[in-house]
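Structure file run-v2.txt (compact mmCIF, C-alpha atoms) is printed below.
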```
# COMPACT_ATOMS: atom_id res chain seq x y z
CA MET A 1 21.41 -15.65 -2.43
CA THR A 2 18.78 -18.29 -1.71
CA GLU A 3 15.07 -17.59 -1.71
CA GLN A 4 14.89 -18.16 2.04
CA ALA A 5 17.74 -15.74 2.65
CA SER A 6 16.08 -13.08 0.50
CA ALA A 7 12.99 -13.24 2.68
CA GLU A 8 15.13 -12.55 5.71
CA THR A 9 17.46 -9.89 4.38
CA GLY A 10 15.13 -7.94 2.10
CA PRO A 11 15.24 -6.87 -1.54
CA PRO A 12 18.57 -6.22 -3.29
CA GLY A 13 20.10 -2.92 -2.17
CA ALA A 14 17.81 -2.55 0.84
CA ALA A 15 19.35 -1.31 4.05
CA PRO A 16 18.27 -3.37 7.06
CA ASP A 17 17.58 -0.25 9.12
CA TYR A 18 14.88 1.04 6.77
CA GLU A 19 11.53 0.73 8.52
CA LEU A 20 9.62 -0.95 5.71
CA ASP A 21 12.33 -3.59 5.26
CA ARG A 22 12.69 -4.18 8.98
CA ASP A 23 8.96 -4.47 9.60
CA THR A 24 8.22 -6.80 6.68
CA THR A 25 10.97 -9.28 7.60
CA CYS A 26 9.76 -12.86 7.11
CA VAL A 27 11.84 -15.78 8.37
CA ALA A 28 11.33 -19.05 6.47
CA ARG A 29 10.53 -22.11 8.55
CA PRO A 30 12.91 -24.92 7.64
CA ASP A 31 10.35 -27.56 8.60
CA ALA A 32 7.42 -25.96 6.72
CA PRO A 33 8.11 -24.94 3.10
CA GLY A 34 6.32 -21.74 2.13
CA VAL A 35 5.61 -20.70 5.73
CA TYR A 36 7.28 -17.62 7.20
CA ASP A 37 7.34 -16.28 10.75
CA THR A 38 7.00 -12.53 11.19
CA THR A 39 6.09 -9.87 13.71
CA LEU A 40 3.47 -7.26 12.86
CA SER A 41 4.87 -3.91 13.97
CA PRO A 42 2.85 -1.39 16.01
CA ASP A 43 4.52 1.40 14.01
CA TRP A 44 2.04 0.80 11.17
CA ALA A 45 -1.10 1.01 13.32
CA PHE A 46 -3.95 3.06 11.90
CA GLY A 47 -7.51 3.33 13.13
CA MET A 48 -8.44 0.16 15.00
CA GLY A 49 -5.80 -2.08 13.43
CA LEU A 50 -2.80 -2.16 11.11
CA ASN A 51 -2.69 -0.37 7.77
CA GLY A 52 -3.78 -2.48 4.79
CA GLY A 53 -0.93 -1.29 2.55
CA TYR A 54 1.63 -2.37 5.12
CA LEU A 55 0.03 -5.81 5.39
CA LEU A 56 -0.05 -6.11 1.61
CA ALA A 57 3.66 -5.22 1.40
CA LEU A 58 4.40 -7.86 4.04
CA ALA A 59 2.51 -10.55 2.12
CA GLY A 60 4.06 -9.32 -1.12
CA ARG A 61 7.54 -9.72 0.27
CA ALA A 62 6.83 -13.29 1.37
CA LEU A 63 5.45 -14.10 -2.08
CA GLY A 64 8.55 -12.57 -3.66
CA ALA A 65 10.64 -15.03 -1.65
CA THR A 66 8.44 -17.96 -2.66
CA LEU A 67 7.78 -17.38 -6.36
CA PRO A 68 10.53 -17.59 -9.00
CA HIS A 69 9.80 -14.07 -10.32
CA PRO A 70 10.80 -10.96 -8.32
CA ASP A 71 8.07 -8.36 -8.83
CA PRO A 72 4.32 -8.15 -8.18
CA PHE A 73 2.45 -7.37 -11.41
CA THR A 74 -1.04 -7.69 -9.97
CA ILE A 75 -1.84 -8.39 -6.33
CA THR A 76 -5.17 -8.50 -4.51
CA ALA A 77 -5.81 -8.63 -0.78
CA HIS A 78 -9.03 -9.44 1.03
CA TYR A 79 -8.99 -8.21 4.62
CA LEU A 80 -11.01 -10.75 6.57
CA THR A 81 -10.55 -9.37 10.07
CA THR A 82 -8.47 -6.78 11.88
CA SER A 83 -4.74 -7.47 12.33
CA HIS A 84 -2.92 -6.35 15.47
CA PRO A 85 0.74 -5.88 16.44
CA GLY A 86 2.46 -9.09 17.48
CA PRO A 87 3.60 -12.47 16.17
CA ALA A 88 2.06 -13.81 12.97
CA GLU A 89 2.89 -16.12 10.12
CA VAL A 90 2.58 -15.88 6.35
CA ARG A 91 1.56 -19.09 4.60
CA THR A 92 2.31 -19.04 0.89
CA GLU A 93 1.38 -21.41 -1.91
CA VAL A 94 2.62 -21.58 -5.50
CA LEU A 95 -0.29 -22.07 -7.89
CA ARG A 96 1.57 -21.92 -11.20
CA THR A 97 4.98 -21.02 -12.56
CA GLY A 98 5.59 -20.02 -16.15
CA ARG A 99 8.30 -18.40 -18.22
CA THR A 100 7.19 -14.80 -17.68
CA LEU A 101 4.64 -14.99 -14.87
CA SER A 102 4.15 -17.00 -11.71
CA THR A 103 1.05 -17.01 -9.52
CA GLY A 104 0.59 -17.74 -5.84
CA THR A 105 -1.37 -17.00 -2.71
CA ALA A 106 -0.42 -15.81 0.76
CA ARG A 107 -2.36 -15.80 4.00
CA ILE A 108 -1.42 -13.73 7.01
CA VAL A 109 -2.42 -15.82 10.02
CA GLN A 110 -2.52 -14.50 13.58
CA ASP A 111 -3.76 -16.33 16.68
CA GLY A 112 -4.85 -19.20 14.45
CA GLU A 113 -7.10 -16.95 12.35
CA VAL A 114 -6.60 -15.83 8.75
CA ARG A 115 -6.45 -12.04 8.82
CA VAL A 116 -5.57 -11.30 5.19
CA HIS A 117 -5.84 -13.46 2.06
CA VAL A 118 -3.73 -12.45 -0.95
CA ALA A 119 -3.54 -13.69 -4.54
CA ALA A 120 -0.89 -12.39 -6.92
CA SER A 121 0.92 -12.83 -10.21
CA TYR A 122 4.63 -12.00 -10.28
CA GLY A 123 7.00 -11.26 -13.15
CA ASP A 124 10.15 -9.29 -13.87
CA LEU A 125 9.51 -5.57 -14.37
CA ALA A 126 13.03 -5.10 -15.74
CA ALA A 127 12.25 -7.48 -18.61
CA LEU A 128 9.16 -5.64 -19.88
CA ASP A 129 8.94 -4.00 -23.29
CA PRO A 130 9.99 -0.35 -22.76
CA GLU A 131 7.37 1.05 -25.16
CA VAL A 132 4.64 3.11 -23.47
CA ARG A 133 1.44 4.26 -25.18
CA THR A 134 -0.87 6.02 -22.76
CA SER A 135 -3.43 8.79 -22.53
CA ALA A 136 -2.94 9.00 -18.76
CA ARG A 137 -1.37 12.15 -17.38
CA PRO A 138 0.19 12.77 -13.97
CA PRO A 139 -1.79 14.97 -11.57
CA ALA A 140 -0.92 18.66 -11.82
CA LEU A 141 0.19 19.11 -8.23
CA PRO A 142 1.68 22.35 -6.96
CA SER A 143 5.33 22.04 -5.99
CA PRO A 144 6.10 20.28 -2.69
CA GLU A 145 6.91 23.68 -1.19
CA GLU A 146 3.46 24.97 -2.12
CA CYS A 147 1.54 21.94 -0.93
CA ALA A 148 -0.02 21.58 2.47
CA ALA A 149 2.03 20.19 5.36
CA SER A 150 1.90 16.50 6.19
CA ALA A 151 -1.46 15.08 7.23
CA ALA A 152 0.26 13.79 10.37
CA GLY A 153 -0.45 17.13 12.05
CA ALA A 154 -4.18 17.05 11.36
CA ALA A 155 -6.44 16.21 14.27
CA PRO A 156 -7.46 12.63 13.25
CA PHE A 157 -3.82 11.54 12.96
CA ARG A 158 -2.01 13.17 15.86
CA ARG A 159 -1.92 9.83 17.67
CA SER A 160 -1.32 7.64 14.61
CA THR A 161 2.15 6.13 14.46
CA PHE A 162 1.44 5.08 10.87
CA MET A 163 1.36 8.66 9.62
CA ASP A 164 4.93 9.16 10.86
CA ARG A 165 6.22 6.46 8.51
CA SER A 166 5.90 8.65 5.42
CA GLU A 167 5.93 12.27 4.32
CA GLN A 168 2.70 13.42 2.70
CA LEU A 169 2.51 16.90 1.23
CA LEU A 170 -1.15 17.36 0.41
CA ASP A 171 -2.43 19.30 -2.57
CA PRO A 172 -4.19 22.29 -0.94
CA ALA A 173 -7.13 21.74 -3.32
CA THR A 174 -7.79 18.39 -1.60
CA ALA A 175 -6.89 19.37 1.98
CA GLY A 176 -10.04 21.32 2.88
CA TRP A 177 -11.25 18.46 5.09
CA SER A 178 -8.50 19.32 7.61
CA THR A 179 -10.09 22.70 8.32
CA GLY A 180 -13.70 21.51 8.14
CA ARG A 181 -14.20 22.47 4.49
CA PRO A 182 -14.18 19.26 2.38
CA SER A 183 -14.68 19.83 -1.33
CA GLY A 184 -17.25 17.04 -1.75
CA ARG A 185 -15.43 15.74 -4.85
CA GLY A 186 -13.90 12.72 -3.11
CA GLU A 187 -10.31 13.47 -4.18
CA ILE A 188 -7.02 13.32 -2.31
CA ARG A 189 -3.66 14.10 -3.94
CA ALA A 190 -0.20 14.39 -2.45
CA TRP A 191 3.53 14.16 -2.89
CA TRP A 192 4.61 11.02 -1.01
CA ARG A 193 7.83 9.39 0.13
CA LEU A 194 8.99 7.21 3.01
CA ALA A 195 10.09 9.30 5.96
CA ASP A 196 13.38 7.46 6.55
CA GLY A 197 14.74 8.20 3.08
CA ARG A 198 14.19 4.73 1.58
CA ASP A 199 13.86 4.93 -2.21
CA PRO A 200 10.58 3.64 -3.64
CA ASP A 201 10.35 0.14 -5.11
CA PRO A 202 7.45 -2.19 -5.97
CA LEU A 203 6.87 -3.05 -2.29
CA ALA A 204 6.72 0.64 -1.40
CA LEU A 205 4.12 1.14 -4.14
CA LEU A 206 1.87 -1.42 -2.42
CA LEU A 207 2.08 0.75 0.67
CA ALA A 208 1.75 4.11 -1.08
CA VAL A 209 -1.67 3.40 -2.61
CA ASP A 210 -3.13 2.95 0.89
CA SER A 211 -1.19 5.63 2.76
CA LEU A 212 -3.08 8.87 2.18
CA VAL A 213 -6.07 10.28 3.98
CA PRO A 214 -9.22 8.36 2.95
CA THR A 215 -11.13 9.97 0.11
CA ALA A 216 -14.19 9.74 2.37
CA PHE A 217 -12.77 12.71 4.29
CA ASP A 218 -13.13 14.89 1.18
CA LEU A 219 -16.77 13.82 1.07
CA GLY A 220 -17.27 15.09 4.62
CA VAL A 221 -17.28 11.60 6.16
CA ARG A 222 -14.86 11.20 9.07
CA GLY A 223 -13.73 8.18 11.05
CA TRP A 224 -12.04 4.85 10.42
CA VAL A 225 -12.51 3.62 6.81
CA PRO A 226 -11.36 -0.03 6.84
CA THR A 227 -10.37 -1.65 3.56
CA VAL A 228 -12.38 -4.70 2.50
CA GLU A 229 -10.44 -5.48 -0.70
CA LEU A 230 -7.42 -3.86 -2.36
CA THR A 231 -5.98 -4.59 -5.81
CA VAL A 232 -2.74 -3.07 -7.08
CA HIS A 233 -1.26 -3.23 -10.58
CA VAL A 234 2.46 -2.45 -10.58
CA ARG A 235 3.42 -1.12 -14.02
CA ALA A 236 7.10 -0.23 -13.63
CA ARG A 237 9.91 0.12 -11.12
CA PRO A 238 9.74 3.68 -9.77
CA ALA A 239 12.65 6.08 -10.09
CA PRO A 240 14.10 7.53 -6.87
CA GLY A 241 12.48 10.64 -5.44
CA TRP A 242 9.02 11.89 -4.58
CA LEU A 243 5.98 9.97 -5.81
CA ARG A 244 2.75 11.67 -6.82
CA VAL A 245 -0.28 9.79 -5.48
CA ALA A 246 -3.82 10.60 -6.61
CA LEU A 247 -6.90 8.94 -5.10
CA ALA A 248 -10.54 9.43 -6.06
CA THR A 249 -13.94 7.95 -5.34
CA ARG A 250 -17.06 8.40 -7.47
CA ASN A 251 -19.60 6.34 -5.56
CA LEU A 252 -20.43 6.05 -1.88
CA ALA A 253 -23.49 3.82 -1.51
CA GLY A 254 -24.81 1.27 0.92
CA GLY A 255 -22.13 2.08 3.46
CA TYR A 256 -19.22 1.31 1.08
CA LEU A 257 -17.10 3.30 -1.35
CA GLU A 258 -14.59 2.47 -4.06
CA GLU A 259 -11.27 4.28 -4.22
CA ASP A 260 -9.19 4.43 -7.40
CA GLY A 261 -5.51 5.29 -7.15
CA GLU A 262 -2.62 6.23 -9.40
CA VAL A 263 1.05 6.55 -8.47
CA TRP A 264 3.50 8.48 -10.63
CA ASP A 265 7.26 8.53 -10.10
CA SER A 266 9.71 11.43 -10.27
CA THR A 267 10.14 11.01 -14.05
CA GLY A 268 6.39 11.38 -14.66
CA ARG A 269 5.78 7.69 -15.35
CA LEU A 270 2.66 5.90 -14.14
CA VAL A 271 4.13 3.14 -11.97
CA ALA A 272 1.08 1.76 -10.13
CA GLN A 273 -2.71 1.72 -10.29
CA SER A 274 -5.08 0.55 -7.59
CA ARG A 275 -8.70 0.06 -6.65
CA GLN A 276 -10.11 -0.76 -3.27
CA LEU A 277 -13.47 -1.25 -1.64
CA ALA A 278 -13.79 0.25 1.83
CA ARG A 279 -16.47 0.53 4.47
CA VAL A 280 -17.45 3.97 5.65
CA PRO A 281 -18.05 4.69 9.35
CA ARG A 282 -21.46 3.78 10.69
CA THR A 283 -21.44 7.01 12.69
CA ARG A 284 -20.52 9.86 10.40
CA GLN A 285 -19.11 13.23 11.39
CA ARG A 286 -19.56 16.01 8.90
```

Using structure tokens, write down the structure from this file.
Amino acid sequence: MTEQASAETGPPGAAPDYELDRDTTCVARPDAPGVYDTTLSPDWAFGMGLNGGYLLALAGRALGATLPHPDPFTITAHYLTTSHPGPAEVRTEVLRTGRTLSTGTARIVQDGEVRVHVAASYGDLAALDPEVRTSARPPALPSPEECAASAAGAAPFRRSTFMDRSEQLLDPATAGWSTGRPSGRGEIRAWWRLADGRDPDPLALLLAVDSLVPTAFDLGVRGWVPTVELTVHVRARPAPGWLRVALATRNLAGGYLEEDGEVWDSTGRLVAQSRQLARVPRTRQR
């Protein structure tokens, strides 16, 4: 399979009818190396634009078709302006290729304007040393049956098509915001998986870290919380099944907050870590 074909048909084993694969399809331009045509899907709309994790997965897929290594190890997106459903292009550039890592950039361009700028280093997760030494522990979530129902039914998301793309079973200890009783700790935890049954992979991890309710809600701050910058470290290929996603913020100041994330797979392995900077609403509802 050629690199251009892989950008069009998706990652190995992916079914073309899975939503994430369908909506991150990038078609290489034969007359412009490194440039891909795409269509930003309205199904991933959230707030006043498109979800940042979806846009990062789209750029990540284009980079995976451009760089000689298959998997994002570290990837950072700066969201310059709001993206909207419709035609767009992804312009990629290879900065360096090495034996174990390659580095490149991607820009999502719409209506002649750069919407998202991404820089990333790619490698091969399957080739990593299997040894793990860690003091990190997965979040102690109640079972999926005991957790709260999907956030899609909560008032802020009843009209959000994005929330229908995944199943989110919220830890009741972090779901008080939905009944007007936020804890004030700035924590959101949930079981997470794609709603159409697609198994998780590195691209899905880029989406998962930006898929839950904003931690600002648990601080009593409601409204659209747009991401300014998002960095994800992918540590391993996730096993099939539910993911556990834990998000937390420790500092809301000057109208911005940071949000740290961890994603654990069904075997209890830490497979992704993230940090983002986001802007809190100018008009706050408590």

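For Phe162 of chain A, the residues within 10 Å (counting all atoms listed in the file, excluding itself and residues fewer than 4 positions away along the chain) are Pro42, Asp43, Trp44, Ala45, Phe46, Gly47, Leu50, Asn51, Tyr54, Ala152, Phe157, Ser166 and Ser211 of chain A.
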
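Computed from the coordinates, the atom CA of Pro138 of chain A to atom CA of Val271 of chain A distance equals 10.6 Å.
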
Selection: 12 Å around Arg137 of chain A, only C-alpha atoms, excl. self and same-chain fewer than 4 positions, as an MDAnalysis selection string: chainID A and resid 133 141 244 246 262:265 268:271

Those same residues - C-alpha atoms - I'd like them written as a PDB file, in the frame of the given file.
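Listed below is the output, out.pdb:
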```pdb
ATOM      1  CA  ARG A 133       1.440   4.260 -25.180  1.00  0.00           C
ATOM      2  CA  LEU A 141       0.190  19.110  -8.230  1.00  0.00           C
ATOM      3  CA  ARG A 244       2.750  11.670  -6.820  1.00  0.00           C
ATOM      4  CA  ALA A 246      -3.820  10.600  -6.610  1.00  0.00           C
ATOM      5  CA  GLU A 262      -2.620   6.230  -9.400  1.00  0.00           C
ATOM      6  CA  VAL A 263       1.050   6.550  -8.470  1.00  0.00           C
ATOM      7  CA  TRP A 264       3.500   8.480 -10.630  1.00  0.00           C
ATOM      8  CA  ASP A 265       7.260   8.530 -10.100  1.00  0.00           C
ATOM      9  CA  GLY A 268       6.390  11.380 -14.660  1.00  0.00           C
ATOM     10  CA  ARG A 269       5.780   7.690 -15.350  1.00  0.00           C
ATOM     11  CA  LEU A 270       2.660   5.900 -14.140  1.00  0.00           C
ATOM     12  CA  VAL A 271       4.130   3.140 -11.970  1.00  0.00           C
TER      13      VAL A 271
END
```

Would you give me, as a tab-separated table, each residue of segment 9-109 of chain A having an atom within 10 Å of an atom of segment 221-236 of chain A, along with its shortest atom pair and that distance in Å to one decimal, using all atoms listed in the file and sorting by chain and residue number?
```
residue	atom	partner	partner_atom	distance
A:Phe46	CA	A:Trp224	CA	8.4
A:Gly47	CA	A:Trp224	CA	5.5
A:Met48	CA	A:Trp224	CA	7.5
A:Gly49	CA	A:Pro226	CA	8.9
A:Leu50	CA	A:Pro226	CA	9.8
A:Asn51	CA	A:Pro226	CA	8.7
A:Gly52	CA	A:Thr227	CA	6.8
A:Gly53	CA	A:Leu230	CA	8.5
A:Leu56	CA	A:Leu230	CA	8.7
A:Asp71	CA	A:Val234	CA	8.3
A:Pro72	CA	A:Val234	CA	6.5
A:Phe73	CA	A:Val234	CA	5.0
A:Thr74	CA	A:His233	CA	4.5
A:Ile75	CA	A:Val232	CA	5.4
A:Thr76	CA	A:Thr231	CA	4.2
A:Ala77	CA	A:Leu230	CA	5.3
A:His78	CA	A:Glu229	CA	4.5
A:Tyr79	CA	A:Val228	CA	5.3
A:Leu80	CA	A:Val228	CA	7.4
A:Thr81	CA	A:Val228	CA	9.1
A:Thr82	CA	A:Pro226	CA	8.9
```

Counting only C-alpha atoms, what is within 10 Å of segment 100-115 of chain A, bar same-chain residues fewer than 2 positions away, as a PDB file with C-alpha atoms, in the frame of the given file?
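Contents of out-v4.pdb, as written:
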```pdb
ATOM      1  CA  GLY A  34       6.320 -21.740   2.130  1.00  0.00           C
ATOM      2  CA  VAL A  35       5.610 -20.700   5.730  1.00  0.00           C
ATOM      3  CA  TYR A  36       7.280 -17.620   7.200  1.00  0.00           C
ATOM      4  CA  ASP A  37       7.340 -16.280  10.750  1.00  0.00           C
ATOM      5  CA  THR A  38       7.000 -12.530  11.190  1.00  0.00           C
ATOM      6  CA  THR A  39       6.090  -9.870  13.710  1.00  0.00           C
ATOM      7  CA  LEU A  40       3.470  -7.260  12.860  1.00  0.00           C
ATOM      8  CA  LEU A  55       0.030  -5.810   5.390  1.00  0.00           C
ATOM      9  CA  LEU A  56      -0.050  -6.110   1.610  1.00  0.00           C
ATOM     10  CA  LEU A  58       4.400  -7.860   4.040  1.00  0.00           C
ATOM     11  CA  ALA A  59       2.510 -10.550   2.120  1.00  0.00           C
ATOM     12  CA  GLY A  60       4.060  -9.320  -1.120  1.00  0.00           C
ATOM     13  CA  ALA A  62       6.830 -13.290   1.370  1.00  0.00           C
ATOM     14  CA  LEU A  63       5.450 -14.100  -2.080  1.00  0.00           C
ATOM     15  CA  GLY A  64       8.550 -12.570  -3.660  1.00  0.00           C
ATOM     16  CA  THR A  66       8.440 -17.960  -2.660  1.00  0.00           C
ATOM     17  CA  LEU A  67       7.780 -17.380  -6.360  1.00  0.00           C
ATOM     18  CA  PRO A  68      10.530 -17.590  -9.000  1.00  0.00           C
ATOM     19  CA  HIS A  69       9.800 -14.070 -10.320  1.00  0.00           C
ATOM     20  CA  PRO A  70      10.800 -10.960  -8.320  1.00  0.00           C
ATOM     21  CA  ASP A  71       8.070  -8.360  -8.830  1.00  0.00           C
ATOM     22  CA  PRO A  72       4.320  -8.150  -8.180  1.00  0.00           C
ATOM     23  CA  PHE A  73       2.450  -7.370 -11.410  1.00  0.00           C
ATOM     24  CA  THR A  74      -1.040  -7.690  -9.970  1.00  0.00           C
ATOM     25  CA  ILE A  75      -1.840  -8.390  -6.330  1.00  0.00           C
ATOM     26  CA  THR A  76      -5.170  -8.500  -4.510  1.00  0.00           C
ATOM     27  CA  ALA A  77      -5.810  -8.630  -0.780  1.00  0.00           C
ATOM     28  CA  HIS A  78      -9.030  -9.440   1.030  1.00  0.00           C
ATOM     29  CA  TYR A  79      -8.990  -8.210   4.620  1.00  0.00           C
ATOM     30  CA  LEU A  80     -11.010 -10.750   6.570  1.00  0.00           C
ATOM     31  CA  THR A  81     -10.550  -9.370  10.070  1.00  0.00           C
ATOM     32  CA  THR A  82      -8.470  -6.780  11.880  1.00  0.00           C
ATOM     33  CA  SER A  83      -4.740  -7.470  12.330  1.00  0.00           C
ATOM     34  CA  HIS A  84      -2.920  -6.350  15.470  1.00  0.00           C
ATOM     35  CA  PRO A  85       0.740  -5.880  16.440  1.00  0.00           C
ATOM     36  CA  GLY A  86       2.460  -9.090  17.480  1.00  0.00           C
ATOM     37  CA  PRO A  87       3.600 -12.470  16.170  1.00  0.00           C
ATOM     38  CA  ALA A  88       2.060 -13.810  12.970  1.00  0.00           C
ATOM     39  CA  GLU A  89       2.890 -16.120  10.120  1.00  0.00           C
ATOM     40  CA  VAL A  90       2.580 -15.880   6.350  1.00  0.00           C
ATOM     41  CA  ARG A  91       1.560 -19.090   4.600  1.00  0.00           C
ATOM     42  CA  THR A  92       2.310 -19.040   0.890  1.00  0.00           C
ATOM     43  CA  GLU A  93       1.380 -21.410  -1.910  1.00  0.00           C
ATOM     44  CA  VAL A  94       2.620 -21.580  -5.500  1.00  0.00           C
ATOM     45  CA  LEU A  95      -0.290 -22.070  -7.890  1.00  0.00           C
ATOM     46  CA  ARG A  96       1.570 -21.920 -11.200  1.00  0.00           C
ATOM     47  CA  THR A  97       4.980 -21.020 -12.560  1.00  0.00           C
ATOM     48  CA  GLY A  98       5.590 -20.020 -16.150  1.00  0.00           C
ATOM     49  CA  HIS A 117      -5.840 -13.460   2.060  1.00  0.00           C
ATOM     50  CA  VAL A 118      -3.730 -12.450  -0.950  1.00  0.00           C
ATOM     51  CA  ALA A 119      -3.540 -13.690  -4.540  1.00  0.00           C
ATOM     52  CA  ALA A 120      -0.890 -12.390  -6.920  1.00  0.00           C
ATOM     53  CA  SER A 121       0.920 -12.830 -10.210  1.00  0.00           C
ATOM     54  CA  TYR A 122       4.630 -12.000 -10.280  1.00  0.00           C
ATOM     55  CA  GLY A 123       7.000 -11.260 -13.150  1.00  0.00           C
ATOM     56  CA  ASP A 124      10.150  -9.290 -13.870  1.00  0.00           C
ATOM     57  CA  ALA A 127      12.250  -7.480 -18.610  1.00  0.00           C
ATOM     58  CA  LEU A 128       9.160  -5.640 -19.880  1.00  0.00           C
TER      59      LEU A 128
END
```

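Across A:Tyr18, A:Trp192, A:Tyr256, A:Trp177, the tightest approach to Leu205 of chain A is made by A:Trp192 when counting only C-alpha atoms.
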
Could you give me, as a PDB file with C-alpha atoms, in the frame of the given file, the residues that have an atom at most 7 Å away from the point (-8.1, 18.8, -1.6) in the coordinates of the file, using only C-alpha atoms?
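So the final result, stored in result-v2.pdb, reads:
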```pdb
ATOM      1  CA  ASP A 171      -2.430  19.300  -2.570  1.00  0.00           C
ATOM      2  CA  PRO A 172      -4.190  22.290  -0.940  1.00  0.00           C
ATOM      3  CA  ALA A 173      -7.130  21.740  -3.320  1.00  0.00           C
ATOM      4  CA  THR A 174      -7.790  18.390  -1.600  1.00  0.00           C
ATOM      5  CA  ALA A 175      -6.890  19.370   1.980  1.00  0.00           C
ATOM      6  CA  GLY A 176     -10.040  21.320   2.880  1.00  0.00           C
ATOM      7  CA  SER A 183     -14.680  19.830  -1.330  1.00  0.00           C
ATOM      8  CA  GLU A 187     -10.310  13.470  -4.180  1.00  0.00           C
ATOM      9  CA  ILE A 188      -7.020  13.320  -2.310  1.00  0.00           C
ATOM     10  CA  ARG A 189      -3.660  14.100  -3.940  1.00  0.00           C
ATOM     11  CA  ASP A 218     -13.130  14.890   1.180  1.00  0.00           C
TER      12      ASP A 218
END
```

Counting all atoms listed in the file, the residue of A:Arg99, A:Arg22, A:Arg198, A:Arg165 that sits nearest Trp242 of chain A: A:Arg198

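Distance-wise, atom CA of Asp164 of chain A and atom CA of Asp199 of chain A end up 16.4 Å apart.
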